[in-house]
Number of protein chains: 2
Amino acid sequence: MKIIQQTETLQKWVQQQGANTLRLLVPTMGGLHQGHLSLIDLARQKADQEQREAQVVVSLFVNPTQFGPNEDLDAYPQSLQRDQELCEQHGVDLLFAPSPDQMYAHDASIKVSESLLSSVLCGQSRPVHFDGVCTIVSKLFNLIQPQVAFFGEKDFQQVAVIRRLVRDLNYPIEIIAGPIVREPDGLAMSTRNLNLNPQQRQQAVVLRQSLLQAKQTLDHDQWSPQPIKEQVREHLASASLGRIDYVEMVDPQTLQNLEQAQSSILIAIAVYFGNTRLIDNLYWKQPTAPSHENL
Amino acid sequence: MKIIQQTETLQKWVQQQGANTLRLLVPTMGGLHQGHLSLIDLARQKADQEQREAQVVVSLFVNPTQFGPNEDLDAYPQSLQRDQELCEQHGVDLLFAPSPDQMYAHDASIKVSESLLSSVLCGQSRPVHFDGVCTIVSKLFNLIQPQVAFFGEKDFQQVAVIRRLVRDLNYPIEIIAGPIVREPDGLAMSTRNLNLNPQQRQQAVVLRQSLLQAKQTLDHDQWSPQPIKEQVREHLASASLGRIDYVEMVDPQTLQNLEQAQSSILIAIAVYFGNTRLIDNLYWKQPTAPSHENL
């Protein structure tokens, strides 16, 4: 596995490849867990199926511009040595791990922003977050020039914003979203889970449980948004150490609030445990159609 | 010469080319004049000097997002048939001429913006202009994937913003700026000159003349910004049909106002004649160094 830390070296590496080389990018902020590894495995698998040369690239960069001033940038778990080993074990061809000064000039002044999909859900409590995401992902796309990029569905809103970025800026890149990977007790894998204390960790299972309860209600043809959101809120409130950020039922395409029932629904939730903010979501489709998520 | 109007067709055209193919892009809004053609000639010349395959691409798109609500989008001169002939005569390989609905989805929500260089000069009177420029240029870069792109120095600020875009978003693209091309009486070539009536056209020579007078003052070692700007303003005021938008002396790198003399200076001016806004500039360097512009 090749490791590159300089943007110039990376650009040369890309230039040296043939026009036929497929590059598959898995952007991460490090702190790799099974969720990331499942995306890397998807990329590796797709690369191995190709007749042509294919390179699996993982980027590892804790992007400061997607953290607000009061967020957990400094507390974000980092483990470069371990991440490197995991990438090697999972067949990554190139690990791009730049330092912040490699990625942002002191007088950087260009920003990529999204104004519709990012104004709701996580965007409400994290106002600069998706601008930071759109900007860093554009930079990674331009540096690495992948034909395929992988993102996790735990960050459902992020996937929607990235797809919009690709469409509206005409990036010739296919976005593949990997399903949420969960701990045995159902908690969605997240690097931030490491920042939970044992009691918080135990209570954090309410996120998934409240979503499963909502799914049952939906499966029983009770689709009315208000009572379901209320039910989820009540369930989440049973975690004494948690503080609800939001509970929303939205259209999976537009991410706008549902006033009425429809055949596909996204329930998205965010809960603080101390300074650690956890998110989870459930994509629900009317049972006649095959379900998007294997439960 | 190939003509493409659909983004999908364009993407396929790019994909079919080898990794070694050089693409040289001249982005325009049509209404081609000698200024544009000089850029196309620069691109053609550079392409012909290459050992490898090289394609000169001209884009022709009057980008609505870089016009403010009270600006001259509807009055912007268009002449597709003539532009097409000129491109053919000047050895263009591909003309990309999309319609607005090809370039912007009805729910487009991604914007690329620049916050430092674009807050001054034209950015003050045209607040949405450079966001529109950054967004459309990013789209053209992603669609056409040029290794070289050409812009005219009449739009000095635009060149600075585009260079910043390339640096901050890590586009692997070389930006080449072509010198201002002028009418015999000194007026900088501009598609908007077509919108001047005969009297306005006659008076419009004051832009260049006032800059040449300022150059003389600078050449005589009188560098103090305030008197020079005053001198330019007085000269411009002699055009009874003109209305000054701005007269500025700035650092050519940062575009920030000069309080003191320095060895290189940009004087930038903008003047309205009716609804037509004309710009011009003079890049001045201390005579010991060779001058940037051939006068």
# chains A, B, ... in the order shown; residues from 1 in each chain; ligands from 1
>>> interface_residues(of="chain A", to="chain B", cutoff="10 Å", atoms="only C-alpha atoms", output="ChimeraX atom specification")
/A:7-8,11-12,15-21,103-105,107-118,131,134-145,161-162,164-173
>>> residues_around(residues="Leu212 in chain B", least_positions_apart="2", cutoff="12 Å", atoms="only C-alpha atoms", output="JSON, numbers by chain")
{"B": [186, 187, 205, 206, 207, 208, 209, 210, 214, 215, 216, 217, 218, 219, 228, 231, 232, 235, 236, 267, 280, 281, 282, 283, 284, 293, 295]}
>>> residues_around(residues="Ile265 in chain B", least_positions_apart="4", cutoff="8 Å", atoms="only C-alpha atoms", output="MDAnalysis selection string")
chainID B and resid 249:252 283:285
>>> residues_around(residues="His33 in chain A", least_positions_apart="4", cutoff="10 Å", atoms="only C-alpha atoms", output="PyMOL selection string")
chain A and resi 37-38+83+86+181+189-191
>>> select_by_dssp(residues="range 148-234 of chain A", states="helix (DSSP H, G or I)", output="VMD selection string")
chain A and resid 153 to 168 191 to 195 198 to 203 206 to 219 225 to 234
>>> residues_around(residues="Pro225 in chain A", least_positions_apart="3", cutoff="8 Å", atoms="only C-alpha atoms", output="PyMOL selection string")
chain A and resi 228-229+249+258-261
>>> write_last_selection(atoms="C-alpha atoms", output="compact mmCIF listing (two decimals), in the first residue's frame")
# COMPACT_ATOMS: atom_id res chain seq x y z
CA ILE A 228 -44.67 8.59 15.14
CA LYS A 229 -42.26 11.39 15.91
CA MET A 249 -39.81 12.31 9.26
CA LEU A 258 -43.58 15.17 5.63
CA GLU A 259 -46.97 16.52 6.50
CA GLN A 260 -48.68 13.50 5.01
CA ALA A 261 -47.95 9.83 4.61
>>> residues_around(residues="Leu22 in chain A", least_positions_apart="5", cutoff="12 Å", atoms="only C-alpha atoms", output="ChimeraX atom specification")
/A:14,17,43-44,46-57,93,144-149,173-174
>>> atom_distance(atom1="CA of Tyr76 in chain B", atom2="CA of Met29 in chain B")
9.0 Å
>>> select_by_dssp(residues="range 72-196 of chain B", states="strand (DSSP E)", output="ChimeraX atom specification")
/B:94-96,110-114,148-152,174-178
>>> residues_around(residues="Gln66 in chain A", least_positions_apart="3", cutoff="8 Å", atoms="only C-alpha atoms", output="PyMOL selection string")
chain A and resi 63+128-133
>>> write_last_selection(atoms="N, CA and C atoms", output="CSV table (one decimal), in the first residue's frame")
chain,number,residue,atom,x,y,z
A,63,ASN,N,-11.3,17.0,8.6
A,63,ASN,CA,-11.5,18.2,7.9
A,63,ASN,C,-12.0,19.3,8.8
A,128,VAL,N,-22.4,25.2,9.6
A,128,VAL,CA,-21.3,25.3,8.6
A,128,VAL,C,-20.9,23.9,8.1
A,129,HIS,N,-21.5,22.9,8.7
A,129,HIS,CA,-21.0,21.5,8.4
A,129,HIS,C,-21.0,21.1,6.9
A,130,PHE,N,-22.1,21.3,6.3
A,130,PHE,CA,-22.2,20.8,4.9
A,130,PHE,C,-21.4,21.6,3.9
A,131,ASP,N,-21.3,22.9,4.2
A,131,ASP,CA,-20.3,23.7,3.4
A,131,ASP,C,-18.9,23.1,3.4
A,132,GLY,N,-18.5,22.7,4.7
A,132,GLY,CA,-17.2,22.1,4.8
A,132,GLY,C,-17.1,20.8,4.1
A,133,VAL,N,-18.2,20.0,4.2
A,133,VAL,CA,-18.2,18.7,3.5
A,133,VAL,C,-18.1,18.9,2.0
